[in-house]
Structure formats: structure tokens, C-alpha cells
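Shown next: data_30.pdb, containing PDB, C-alpha atoms and all ligand atoms.
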```pdb
ATOM      1  CA  MET B   1      74.804 100.782 170.285  1.00  0.00           C
ATOM      2  CA  LYS B   2      73.428  98.711 173.124  1.00  0.00           C
ATOM      3  CA  GLU B   3      75.410  95.791 174.480  1.00  0.00           C
ATOM      4  CA  THR B   4      73.808  92.369 174.526  1.00  0.00           C
ATOM      5  CA  LEU B   5      73.081  90.522 177.750  1.00  0.00           C
ATOM      6  CA  ALA B   6      72.837  86.723 177.934  1.00  0.00           C
ATOM      7  CA  ILE B   7      70.286  85.583 180.486  1.00  0.00           C
ATOM      8  CA  HIS B   8      69.377  82.093 181.642  1.00  0.00           C
ATOM      9  CA  GLU B   9      67.258  81.595 184.753  1.00  0.00           C
ATOM     10  CA  ILE B  10      65.349  84.677 185.924  1.00  0.00           C
ATOM     11  CA  ARG B  11      65.468  86.030 189.453  1.00  0.00           C
ATOM     12  CA  LYS B  12      63.499  88.731 191.217  1.00  0.00           C
ATOM     13  CA  GLU B  13      66.572  91.015 191.380  1.00  0.00           C
ATOM     14  CA  PHE B  14      66.778  91.223 187.603  1.00  0.00           C
ATOM     15  CA  PHE B  15      63.734  93.421 187.505  1.00  0.00           C
ATOM     16  CA  ASN B  16      65.492  96.065 189.616  1.00  0.00           C
ATOM     17  CA  ALA B  17      68.282  96.342 187.024  1.00  0.00           C
ATOM     18  CA  PRO B  18      68.266  98.755 184.051  1.00  0.00           C
ATOM     19  CA  LEU B  19      67.557  95.968 181.569  1.00  0.00           C
ATOM     20  CA  GLU B  20      66.146  98.378 178.986  1.00  0.00           C
ATOM     21  CA  ASN B  21      69.718  99.600 178.418  1.00  0.00           C
ATOM     22  CA  TYR B  22      70.674  96.242 176.894  1.00  0.00           C
ATOM     23  CA  ILE B  23      69.584  93.989 174.074  1.00  0.00           C
ATOM     24  CA  LEU B  24      68.255  90.974 175.947  1.00  0.00           C
ATOM     25  CA  THR B  25      68.835  87.379 174.932  1.00  0.00           C
ATOM     26  CA  PHE B  26      67.368  84.480 176.891  1.00  0.00           C
ATOM     27  CA  ASP B  27      68.880  81.021 176.464  1.00  0.00           C
ATOM     28  CA  ASP B  28      67.647  77.442 176.765  1.00  0.00           C
ATOM     29  CA  GLY B  29      63.867  78.077 176.844  1.00  0.00           C
ATOM     30  CA  LEU B  30      63.671  77.762 180.627  1.00  0.00           C
ATOM     31  CA  TYR B  31      60.274  77.676 182.325  1.00  0.00           C
ATOM     32  CA  SER B  32      61.308  80.650 184.501  1.00  0.00           C
ATOM     33  CA  GLN B  33      61.405  82.761 181.311  1.00  0.00           C
ATOM     34  CA  TYR B  34      57.785  81.832 180.562  1.00  0.00           C
ATOM     35  CA  TYR B  35      56.810  82.344 184.191  1.00  0.00           C
ATOM     36  CA  TYR B  36      58.188  85.902 184.172  1.00  0.00           C
ATOM     37  CA  TRP B  37      57.100  86.717 180.596  1.00  0.00           C
ATOM     38  CA  PRO B  38      54.375  89.106 181.893  1.00  0.00           C
ATOM     39  CA  LEU B  39      57.205  91.201 183.400  1.00  0.00           C
ATOM     40  CA  ILE B  40      59.793  90.600 180.682  1.00  0.00           C
ATOM     41  CA  LYS B  41      57.499  91.724 177.865  1.00  0.00           C
ATOM     42  CA  LYS B  42      57.159  95.156 179.462  1.00  0.00           C
ATOM     43  CA  ILE B  43      60.923  95.852 179.225  1.00  0.00           C
ATOM     44  CA  LYS B  44      61.455  98.333 176.417  1.00  0.00           C
ATOM     45  CA  SER B  45      64.276  96.664 174.524  1.00  0.00           C
ATOM     46  CA  ASN B  46      64.788  93.991 171.872  1.00  0.00           C
ATOM     47  CA  LYS B  47      64.431  90.522 173.322  1.00  0.00           C
ATOM     48  CA  THR B  48      65.151  87.153 171.707  1.00  0.00           C
ATOM     49  CA  PHE B  49      64.464  83.743 173.244  1.00  0.00           C
ATOM     50  CA  PHE B  50      66.942  81.121 172.064  1.00  0.00           C
ATOM     51  CA  ILE B  51      65.285  77.734 172.242  1.00  0.00           C
ATOM     52  CA  THR B  52      67.012  74.354 172.574  1.00  0.00           C
ATOM     53  CA  THR B  53      64.358  72.470 170.676  1.00  0.00           C
ATOM     54  CA  ASN B  54      64.764  69.035 172.276  1.00  0.00           C
ATOM     55  CA  PHE B  55      64.165  70.552 175.734  1.00  0.00           C
ATOM     56  CA  ILE B  56      60.656  71.762 174.929  1.00  0.00           C
ATOM     57  CA  GLY B  57      58.012  69.649 176.646  1.00  0.00           C
ATOM     58  CA  ASN B  58      54.329  68.908 176.214  1.00  0.00           C
ATOM     59  CA  GLY B  59      51.244  69.502 178.269  1.00  0.00           C
ATOM     60  CA  PRO B  60      48.981  72.369 179.233  1.00  0.00           C
ATOM     61  CA  LYS B  61      50.234  75.842 180.052  1.00  0.00           C
ATOM     62  CA  ARG B  62      51.449  76.363 183.611  1.00  0.00           C
ATOM     63  CA  GLU B  63      51.291  79.247 186.032  1.00  0.00           C
ATOM     64  CA  GLN B  64      52.803  82.646 185.217  1.00  0.00           C
ATOM     65  CA  PHE B  65      53.825  85.552 187.402  1.00  0.00           C
ATOM     66  CA  SER B  66      50.922  87.406 188.935  1.00  0.00           C
ATOM     67  CA  GLY B  67      52.682  88.981 191.906  1.00  0.00           C
ATOM     68  CA  LYS B  68      54.559  86.024 193.409  1.00  0.00           C
ATOM     69  CA  TYR B  69      58.338  85.830 192.892  1.00  0.00           C
ATOM     70  CA  ARG B  70      59.504  82.224 192.680  1.00  0.00           C
ATOM     71  CA  GLU B  71      62.868  80.480 192.762  1.00  0.00           C
ATOM     72  CA  PHE B  72      63.748  78.173 189.902  1.00  0.00           C
ATOM     73  CA  PRO B  73      66.571  75.621 189.432  1.00  0.00           C
ATOM     74  CA  SER B  74      69.739  76.983 187.825  1.00  0.00           C
ATOM     75  CA  CYS B  75      70.278  76.378 184.123  1.00  0.00           C
ATOM     76  CA  TYR B  76      73.068  73.936 185.078  1.00  0.00           C
ATOM     77  CA  ASP B  77      70.758  71.842 187.269  1.00  0.00           C
ATOM     78  CA  ALA B  78      68.046  71.939 184.608  1.00  0.00           C
ATOM     79  CA  LEU B  79      70.498  70.718 181.953  1.00  0.00           C
ATOM     80  CA  GLN B  80      71.844  67.950 184.202  1.00  0.00           C
ATOM     81  CA  SER B  81      68.342  66.734 185.049  1.00  0.00           C
ATOM     82  CA  TRP B  82      67.473  66.609 181.345  1.00  0.00           C
ATOM     83  CA  LYS B  83      70.697  64.674 180.609  1.00  0.00           C
ATOM     84  CA  ASP B  84      70.236  62.247 183.523  1.00  0.00           C
ATOM     85  CA  LYS B  85      66.499  61.686 183.465  1.00  0.00           C
ATOM     86  CA  GLY B  86      65.142  63.279 180.305  1.00  0.00           C
ATOM     87  CA  ASN B  87      63.374  65.766 182.588  1.00  0.00           C
ATOM     88  CA  ARG B  88      61.882  68.643 180.578  1.00  0.00           C
ATOM     89  CA  GLU B  89      59.861  70.213 183.391  1.00  0.00           C
ATOM     90  CA  ASN B  90      62.370  73.036 183.931  1.00  0.00           C
ATOM     91  CA  TYR B  91      61.848  74.142 180.334  1.00  0.00           C
ATOM     92  CA  MET B  92      58.953  75.686 178.476  1.00  0.00           C
ATOM     93  CA  ARG B  93      56.204  73.574 177.040  1.00  0.00           C
ATOM     94  CA  LEU B  94      55.170  73.932 173.415  1.00  0.00           C
ATOM     95  CA  SER B  95      51.824  75.438 174.483  1.00  0.00           C
ATOM     96  CA  GLU B  96      53.680  78.066 176.530  1.00  0.00           C
ATOM     97  CA  LEU B  97      56.152  78.872 173.762  1.00  0.00           C
ATOM     98  CA  LYS B  98      53.293  79.334 171.279  1.00  0.00           C
ATOM     99  CA  GLU B  99      51.570  81.728 173.657  1.00  0.00           C
ATOM    100  CA  MET B 100      54.735  83.825 173.918  1.00  0.00           C
ATOM    101  CA  ILE B 101      55.142  83.915 170.125  1.00  0.00           C
ATOM    102  CA  ASN B 102      51.520  85.030 169.723  1.00  0.00           C
ATOM    103  CA  ASP B 103      52.291  87.673 172.309  1.00  0.00           C
ATOM    104  CA  GLY B 104      55.228  89.050 170.278  1.00  0.00           C
ATOM    105  CA  ALA B 105      58.257  87.101 171.574  1.00  0.00           C
ATOM    106  CA  VAL B 106      61.107  86.752 169.052  1.00  0.00           C
ATOM    107  CA  ILE B 107      62.516  83.229 168.817  1.00  0.00           C
ATOM    108  CA  GLY B 108      65.970  82.033 167.801  1.00  0.00           C
ATOM    109  CA  GLY B 109      67.673  78.644 167.677  1.00  0.00           C
ATOM    110  CA  HIS B 110      69.999  77.328 170.389  1.00  0.00           C
ATOM    111  CA  SER B 111      70.659  73.856 168.915  1.00  0.00           C
ATOM    112  CA  HIS B 112      68.610  70.687 169.308  1.00  0.00           C
ATOM    113  CA  ASN B 113      70.679  68.920 171.989  1.00  0.00           C
ATOM    114  CA  HIS B 114      72.896  71.615 173.571  1.00  0.00           C
ATOM    115  CA  ILE B 115      76.138  69.727 172.869  1.00  0.00           C
ATOM    116  CA  LYS B 116      79.264  71.280 174.377  1.00  0.00           C
ATOM    117  CA  PHE B 117      82.092  69.644 172.453  1.00  0.00           C
ATOM    118  CA  TYR B 118      81.899  67.772 169.208  1.00  0.00           C
ATOM    119  CA  GLU B 119      84.288  64.831 169.305  1.00  0.00           C
ATOM    120  CA  GLY B 120      86.171  62.686 166.833  1.00  0.00           C
ATOM    121  CA  SER B 121      87.548  63.433 163.398  1.00  0.00           C
ATOM    122  CA  LEU B 122      86.671  66.608 161.558  1.00  0.00           C
ATOM    123  CA  VAL B 123      84.379  64.646 159.210  1.00  0.00           C
ATOM    124  CA  LYS B 124      82.516  63.193 162.188  1.00  0.00           C
ATOM    125  CA  LYS B 125      82.264  66.595 163.882  1.00  0.00           C
ATOM    126  CA  ILE B 126      80.766  68.152 160.768  1.00  0.00           C
ATOM    127  CA  ASP B 127      78.308  65.256 160.372  1.00  0.00           C
ATOM    128  CA  ASP B 128      77.245  65.582 164.011  1.00  0.00           C
ATOM    129  CA  ILE B 129      76.855  69.362 163.753  1.00  0.00           C
ATOM    130  CA  CYS B 130      74.720  68.995 160.614  1.00  0.00           C
ATOM    131  CA  ASP B 131      72.571  66.353 162.342  1.00  0.00           C
ATOM    132  CA  ASP B 132      71.950  68.702 165.255  1.00  0.00           C
ATOM    133  CA  ILE B 133      71.139  71.719 163.061  1.00  0.00           C
ATOM    134  CA  GLU B 134      68.823  69.636 160.854  1.00  0.00           C
ATOM    135  CA  ALA B 135      67.015  68.167 163.875  1.00  0.00           C
ATOM    136  CA  MET B 136      66.486  71.701 165.201  1.00  0.00           C
ATOM    137  CA  ILE B 137      65.198  72.965 161.824  1.00  0.00           C
ATOM    138  CA  ASP B 138      62.835  69.964 161.534  1.00  0.00           C
ATOM    139  CA  TRP B 139      61.498  70.673 165.018  1.00  0.00           C
ATOM    140  CA  PHE B 140      60.796  74.328 164.191  1.00  0.00           C
ATOM    141  CA  LYS B 141      59.057  73.368 160.940  1.00  0.00           C
ATOM    142  CA  THR B 142      56.993  70.619 162.560  1.00  0.00           C
ATOM    143  CA  TYR B 143      55.866  72.403 165.715  1.00  0.00           C
ATOM    144  CA  LEU B 144      56.016  76.122 164.917  1.00  0.00           C
ATOM    145  CA  ASN B 145      55.775  76.310 161.120  1.00  0.00           C
ATOM    146  CA  PHE B 146      58.745  78.617 160.772  1.00  0.00           C
ATOM    147  CA  VAL B 147      62.533  78.514 161.038  1.00  0.00           C
ATOM    148  CA  PRO B 148      64.276  81.435 162.765  1.00  0.00           C
ATOM    149  CA  ASP B 149      67.311  83.204 161.300  1.00  0.00           C
ATOM    150  CA  GLU B 150      68.978  83.913 164.660  1.00  0.00           C
ATOM    151  CA  TYR B 151      71.096  81.403 166.573  1.00  0.00           C
ATOM    152  CA  ALA B 152      73.021  81.547 169.856  1.00  0.00           C
ATOM    153  CA  TYR B 153      75.828  79.058 170.405  1.00  0.00           C
ATOM    154  CA  PRO B 154      75.300  76.610 173.274  1.00  0.00           C
ATOM    155  CA  HIS B 155      78.012  77.145 175.904  1.00  0.00           C
ATOM    156  CA  TYR B 156      79.126  80.188 173.832  1.00  0.00           C
ATOM    157  CA  GLU B 157      81.249  77.804 171.710  1.00  0.00           C
ATOM    158  CA  ASP B 158      81.488  79.438 168.296  1.00  0.00           C
ATOM    159  CA  PHE B 159      83.448  76.591 166.716  1.00  0.00           C
ATOM    160  CA  ILE B 160      84.464  77.776 163.229  1.00  0.00           C
ATOM    161  CA  PHE B 161      82.713  74.984 161.320  1.00  0.00           C
ATOM    162  CA  LEU B 162      79.539  75.490 163.299  1.00  0.00           C
ATOM    163  CA  LYS B 163      79.536  79.116 162.165  1.00  0.00           C
ATOM    164  CA  ILE B 164      80.081  78.197 158.495  1.00  0.00           C
ATOM    165  CA  LEU B 165      77.414  75.488 158.552  1.00  0.00           C
ATOM    166  CA  LEU B 166      74.837  77.676 160.293  1.00  0.00           C
ATOM    167  CA  LYS B 167      75.241  80.302 157.558  1.00  0.00           C
ATOM    168  CA  ASP B 168      74.714  77.574 154.947  1.00  0.00           C
ATOM    169  CA  TYR B 169      71.476  76.623 156.679  1.00  0.00           C
ATOM    170  CA  GLY B 170      70.250  80.225 156.594  1.00  0.00           C
ATOM    171  CA  PHE B 171      71.061  81.492 160.078  1.00  0.00           C
ATOM    172  CA  ASN B 172      72.222  85.060 159.509  1.00  0.00           C
ATOM    173  CA  LYS B 173      72.417  86.502 163.005  1.00  0.00           C
ATOM    174  CA  LEU B 174      74.777  84.529 165.229  1.00  0.00           C
ATOM    175  CA  TYR B 175      75.366  85.243 168.912  1.00  0.00           C
ATOM    176  CA  GLY B 176      78.543  84.122 170.690  1.00  0.00           C
ATOM    177  CA  ARG B 177      81.022  85.420 173.207  1.00  0.00           C
ATOM    178  CA  GLU B 178      80.306  89.079 172.506  1.00  0.00           C
ATOM    179  CA  ARG B 179      77.296  88.709 174.748  1.00  0.00           C
ATOM    180  CA  ILE B 180      77.758  89.645 178.391  1.00  0.00           C
ATOM    181  CA  GLU B 181      76.553  86.971 180.797  1.00  0.00           C
ATOM    182  CA  ILE B 182      74.271  88.709 183.250  1.00  0.00           C
ATOM    183  CA  GLU B 183      76.066  86.957 186.129  1.00  0.00           C
ATOM    184  CA  LYS B 184      79.323  88.648 185.053  1.00  0.00           C
ATOM    185  CA  GLU B 185      78.003  92.142 184.400  1.00  0.00           C
ATOM    186  CA  GLU B 186      79.332  94.168 187.315  1.00  0.00           C
ATOM    187  CA  ASN B 187      77.549  97.388 186.436  1.00  0.00           C
ATOM    188  CA  ILE B 188      74.077  96.020 186.384  1.00  0.00           C
ATOM    189  CA  PHE B 189      73.648  95.377 190.114  1.00  0.00           C
ATOM    190  CA  PRO B 190      75.827  98.116 191.668  1.00  0.00           C
ATOM    191  CA  PHE B 191      74.190  97.858 195.085  1.00  0.00           C
ATOM    192  CA  LEU B 192      74.455  94.108 195.591  1.00  0.00           C
TER
HETATM  193 ZN    ZN J   1      72.372  77.279 176.620  1.00  0.00          ZN
END
```
Transcribe the structure of this file into C-alpha cells.
Ligand SMILES: [Zn+2]
Amino acid sequence: MKETLAIHEIRKEFFNAPLENYILTFDDGLYSQYYYWPLIKKIKSNKTFFITTNFIGNGPKREQFSGKYREFPSCYDALQSWKDKGNRENYMRLSELKEMINDGAVIGGHSHNHIKFYEGSLVKKIDDICDDIEAMIDWFKTYLNFVPDEYAYPHYEDFIFLKILLKDYGFNKLYGRERIEIEKEENIFPFL
């Protein structure tokens, strides 16, 4: 049984690691994941891209890897820039996501707004969680014509009611803390 790696932004070094030994999960729908898709798709392992639907932008497709390794902002900086300025440029565009799906990429949900903590009373928390799940489902139906059955918790927070509600909404494969964050996997880059 392969272990599951959780990956955010992609770096050149990743492609020197034995990634085919892991199930690969990519979070947040970052542009770097689209940029490196020509390399990622060659890795012989299951790969799922967990999309935070409200991050996905519009516009024509951008450049992809064709020999040039590029640096990208960290997932933390990308999230902060979206929160502060509504900046979606560090994330995939719908046109790019559709290309990846046509090219065989498996898509899962990663919430609509990437909320870390739900606040207030339990009733309010449950209402807010339902609003987020429903907004995500609506987005998938509107823009991609399907709703995935896989979901990865934002910030790895598998709050018990979130789990129960996701199952009610038809998400059968849930990914939480059992995933190894690539930054914390000591065996993967033994020579660094
Ligand atoms: Zn995330």
C-alpha cells in the first residue's frame, strides 16, 4: 500500500524524488501545478488535484513547462494575496483546469473558500460548512459539469461535522492528516 503525499507548490527538486512510490495529491489548484503538468503527468502513480473552487481564475491558458524550471510563490503567499487582494493569478485558470481534465487529471474538492476555523455556535458552524460545500458543488456543476467524490480538508482540519456533512453531500473519499506533507517527508530527499 503506497503512502499518500500532499503537495502544494512544485519545485524543480521534486522531479528528482521517487514520486512514483507515493499516491500524489496536489492541493489548492496552484498555477505551478498546471505549469509542471507536462512533467507531473508522466509520473506513474495515482494523482488527484484538489481544487479550491473560488481560487480558480479566468482568461486564456498560460505558459507550461517546456524545459525552463521556474520559481513560484509559496502556497501561503498565494493564499494571503487572494485574501488581501482577491488575486487569483497564482492559481489555475478554468481554461487550464479543463485542459488538464481532458488530459486525464483526476479532480477532487478542497472547499470553496479554504476556511481554517469555523467560528461561533455549533449551529452557525454547520450552516457555514454547508454554505461552503454547496458553493463548491455549484461551482463544479456550473463550470465543469460534474461533481467529484474526493475531498481533501483545507489546512488538514478534519473537523468531525465537516466529515459527516461531506458524506451526506456524496463525498466518499476524504483526505486528512494521514497524508504526508512533502515538506515533512524526510526520506524523499535523502541527499538534500
Ligand atoms: Zn489547501
Would you give me, as JSON lines, each residue of chain B having an atom within 10 Å of an atom of ligand ZN 1 (chain J), along with its shortest atom pair and that distance in Å to one decimal, using all atoms listed in the file and sorting by chain and residue number?
```
{"residue": "B:Ala6", "atom": "CA", "partner": "J:ZN1", "partner_atom": "ZN", "distance": 9.5}
{"residue": "B:Ile7", "atom": "CA", "partner": "J:ZN1", "partner_atom": "ZN", "distance": 9.4}
{"residue": "B:His8", "atom": "CA", "partner": "J:ZN1", "partner_atom": "ZN", "distance": 7.6}
{"residue": "B:Phe26", "atom": "CA", "partner": "J:ZN1", "partner_atom": "ZN", "distance": 8.8}
{"residue": "B:Asp27", "atom": "CA", "partner": "J:ZN1", "partner_atom": "ZN", "distance": 5.1}
{"residue": "B:Asp28", "atom": "CA", "partner": "J:ZN1", "partner_atom": "ZN", "distance": 4.7}
{"residue": "B:Gly29", "atom": "CA", "partner": "J:ZN1", "partner_atom": "ZN", "distance": 8.5}
{"residue": "B:Leu30", "atom": "CA", "partner": "J:ZN1", "partner_atom": "ZN", "distance": 9.6}
{"residue": "B:Phe50", "atom": "CA", "partner": "J:ZN1", "partner_atom": "ZN", "distance": 8.1}
{"residue": "B:Ile51", "atom": "CA", "partner": "J:ZN1", "partner_atom": "ZN", "distance": 8.3}
{"residue": "B:Thr52", "atom": "CA", "partner": "J:ZN1", "partner_atom": "ZN", "distance": 7.3}
{"residue": "B:Cys75", "atom": "CA", "partner": "J:ZN1", "partner_atom": "ZN", "distance": 7.8}
{"residue": "B:Tyr76", "atom": "CA", "partner": "J:ZN1", "partner_atom": "ZN", "distance": 9.1}
{"residue": "B:Leu79", "atom": "CA", "partner": "J:ZN1", "partner_atom": "ZN", "distance": 8.7}
{"residue": "B:His110", "atom": "CA", "partner": "J:ZN1", "partner_atom": "ZN", "distance": 6.7}
{"residue": "B:Ser111", "atom": "CA", "partner": "J:ZN1", "partner_atom": "ZN", "distance": 8.6}
{"residue": "B:Asn113", "atom": "CA", "partner": "J:ZN1", "partner_atom": "ZN", "distance": 9.7}
{"residue": "B:His114", "atom": "CA", "partner": "J:ZN1", "partner_atom": "ZN", "distance": 6.5}
{"residue": "B:Ile115", "atom": "CA", "partner": "J:ZN1", "partner_atom": "ZN", "distance": 9.2}
{"residue": "B:Lys116", "atom": "CA", "partner": "J:ZN1", "partner_atom": "ZN", "distance": 9.4}
{"residue": "B:Ala152", "atom": "CA", "partner": "J:ZN1", "partner_atom": "ZN", "distance": 8.0}
{"residue": "B:Tyr153", "atom": "CA", "partner": "J:ZN1", "partner_atom": "ZN", "distance": 7.3}
{"residue": "B:Pro154", "atom": "CA", "partner": "J:ZN1", "partner_atom": "ZN", "distance": 4.5}
{"residue": "B:His155", "atom": "CA", "partner": "J:ZN1", "partner_atom": "ZN", "distance": 5.7}
{"residue": "B:Tyr156", "atom": "CA", "partner": "J:ZN1", "partner_atom": "ZN", "distance": 7.9}
```
Residue neighbourhood Glu9 in chain B, 8 Å, only C-alpha atoms, exclusion window fewer than 6 positions, as a CSV table (one decimal) with C-alpha atoms, in the frame of the given file:
```
chain,number,residue,atom,x,y,z
B,30,LEU,CA,63.7,77.8,180.6
B,32,SER,CA,61.3,80.6,184.5
B,33,GLN,CA,61.4,82.8,181.3
B,72,PHE,CA,63.7,78.2,189.9
B,73,PRO,CA,66.6,75.6,189.4
B,74,SER,CA,69.7,77.0,187.8
B,75,CYS,CA,70.3,76.4,184.1
```
Pick out the residues sitting within 10 Å of Asp158 in chain B, and hand them over as a PDB file with C-alpha atoms, in the frame of the given file; count only C-alpha atoms, and ignore anything fewer than 5 positions along from it in its own chain.
```
ATOM      1  CA  ALA B 152      73.021  81.547 169.856  1.00  0.00           C
ATOM      2  CA  TYR B 153      75.828  79.058 170.405  1.00  0.00           C
ATOM      3  CA  LYS B 163      79.536  79.116 162.165  1.00  0.00           C
ATOM      4  CA  ILE B 164      80.081  78.197 158.495  1.00  0.00           C
ATOM      5  CA  LEU B 174      74.777  84.529 165.229  1.00  0.00           C
ATOM      6  CA  TYR B 175      75.366  85.243 168.912  1.00  0.00           C
ATOM      7  CA  GLY B 176      78.543  84.122 170.690  1.00  0.00           C
ATOM      8  CA  ARG B 177      81.022  85.420 173.207  1.00  0.00           C
TER       9      ARG B 177
END
```
Inset, instruction - Fewer than 6 positions away in the same chain doesn't count, so skip those; otherwise give me all residues within 7 Å of range 83-94 of chain B, counting only C-alpha atoms, as a list in words. - result: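 These residues fall inside the cut-off: Gly29, Leu30, Tyr31, Tyr34, Phe55, Ile56, Gly57, Asn58 and Gly59 of chain B.
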Legend entry - Computed interatomic separation between CA of Lys184 in chain B and CA of Gly108 in chain B (Å):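 Interatomic distance, CA of Lys184 in chain B to CA of Gly108 in chain B: 22.8 Å.
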Legend entry - Exercise: Asn21 in chain B partners within 9 Å, all atoms listed in the file, chain neighbours under 4 positions left out, as JSON, numbers by chain: {"B": [2, 3, 44, 45]}
Legend entry - Length of the CA of Arg179 in chain B to CA of Tyr22 in chain B vector [Å]: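 Atom-to-atom, CA of Arg179 in chain B to CA of Tyr22 in chain B, that is 10.3 Å.
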Legend entry - Two-atom distance - CA of Ile40 in chain B, CA of Phe140 in chain B (Å):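 These two atoms are separated by 23.2 Å.
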Legend entry - Residue with smallest distance to Glu13 in chain B - pool B:Ser81, B:Glu157, B:Met1, B:Ile182, counting all atoms listed in the file: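 That would be B:Ile182, the residue with the smallest distance to Glu13 in chain B.
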Legend entry - Shortest interatomic distance to Asn172 in chain B - which of B:Val147, B:Leu24, B:Ile43, B:Val123, counting all atoms listed in the file: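 Closest to Asn172 in chain B of all the choices is B:Val147.
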Legend entry - Contacts of Cys130 in chain B within 12 Å, all atoms listed in the file, excl. fewer than 3 positions in-chain, as a PyMOL selection string: chain B and resi 111-112+118+123-127+133-138+161-169
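Compared by their closest atoms to Thr53 in chain B, and using all atoms listed in the file, the residues B:Leu122, B:Ala105, B:Ile188, B:Leu144 rank with B:Leu144 nearest.
Closest to Asn187 in chain B among B:Lys42, B:Asp103, B:Leu19, B:Gln64 is B:Leu19, based on all atoms listed in the file.
Counting all atoms listed in the file and comparing B:Asp77, B:Asp132, B:Glu71, B:Glu63, the residue that lies closest to Arg11 in chain B is B:Glu71.
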For range 50-64 of chain B, which lacks atoms in the input, supply N, CA and C atoms and format the output as a PDB file, in the coordinates of the input.
```pdb
ATOM      1  N   PHE B  50      66.239  82.167 172.809  1.00  0.00           N
ATOM      2  CA  PHE B  50      66.942  81.121 172.064  1.00  0.00           C
ATOM      3  C   PHE B  50      66.566  79.757 172.643  1.00  0.00           C
ATOM      4  N   ILE B  51      65.915  78.970 171.807  1.00  0.00           N
ATOM      5  CA  ILE B  51      65.285  77.734 172.242  1.00  0.00           C
ATOM      6  C   ILE B  51      66.148  76.528 171.877  1.00  0.00           C
ATOM      7  N   THR B  52      66.397  75.659 172.843  1.00  0.00           N
ATOM      8  CA  THR B  52      67.012  74.354 172.574  1.00  0.00           C
ATOM      9  C   THR B  52      65.857  73.391 172.336  1.00  0.00           C
ATOM     10  N   THR B  53      65.652  73.043 171.067  1.00  0.00           N
ATOM     11  CA  THR B  53      64.358  72.470 170.676  1.00  0.00           C
ATOM     12  C   THR B  53      64.047  71.144 171.363  1.00  0.00           C
ATOM     13  N   ASN B  54      65.049  70.328 171.650  1.00  0.00           N
ATOM     14  CA  ASN B  54      64.764  69.035 172.276  1.00  0.00           C
ATOM     15  C   ASN B  54      64.399  69.161 173.760  1.00  0.00           C
ATOM     16  N   PHE B  55      64.533  70.355 174.325  1.00  0.00           N
ATOM     17  CA  PHE B  55      64.165  70.552 175.734  1.00  0.00           C
ATOM     18  C   PHE B  55      62.670  70.845 175.902  1.00  0.00           C
ATOM     19  N   ILE B  56      62.036  71.279 174.820  1.00  0.00           N
ATOM     20  CA  ILE B  56      60.656  71.762 174.929  1.00  0.00           C
ATOM     21  C   ILE B  56      59.708  70.596 175.202  1.00  0.00           C
ATOM     22  N   GLY B  57      58.885  70.740 176.223  1.00  0.00           N
ATOM     23  CA  GLY B  57      58.012  69.649 176.646  1.00  0.00           C
ATOM     24  C   GLY B  57      56.580  69.816 176.154  1.00  0.00           C
ATOM     25  N   ASN B  58      55.748  68.913 176.593  1.00  0.00           N
ATOM     26  CA  ASN B  58      54.329  68.908 176.214  1.00  0.00           C
ATOM     27  C   ASN B  58      53.462  69.119 177.446  1.00  0.00           C
ATOM     28  N   GLY B  59      52.197  69.362 177.164  1.00  0.00           N
ATOM     29  CA  GLY B  59      51.244  69.502 178.269  1.00  0.00           C
ATOM     30  C   GLY B  59      50.629  70.886 178.276  1.00  0.00           C
ATOM     31  N   PRO B  60      49.660  71.071 179.176  1.00  0.00           N
ATOM     32  CA  PRO B  60      48.981  72.369 179.233  1.00  0.00           C
ATOM     33  C   PRO B  60      49.883  73.466 179.789  1.00  0.00           C
ATOM     34  N   LYS B  61      49.473  74.698 179.545  1.00  0.00           N
ATOM     35  CA  LYS B  61      50.234  75.842 180.052  1.00  0.00           C
ATOM     36  C   LYS B  61      50.229  75.846 181.578  1.00  0.00           C
ATOM     37  N   ARG B  62      51.331  76.294 182.152  1.00  0.00           N
ATOM     38  CA  ARG B  62      51.449  76.363 183.611  1.00  0.00           C
ATOM     39  C   ARG B  62      51.307  77.809 184.085  1.00  0.00           C
ATOM     40  N   GLU B  63      51.444  77.942 185.389  1.00  0.00           N
ATOM     41  CA  GLU B  63      51.291  79.247 186.032  1.00  0.00           C
ATOM     42  C   GLU B  63      52.326  80.269 185.531  1.00  0.00           C
ATOM     43  N   GLN B  64      51.876  81.539 185.486  1.00  0.00           N
ATOM     44  CA  GLN B  64      52.803  82.646 185.217  1.00  0.00           C
ATOM     45  C   GLN B  64      52.767  83.642 186.362  1.00  0.00           C
TER      46      GLN B  64
END
```
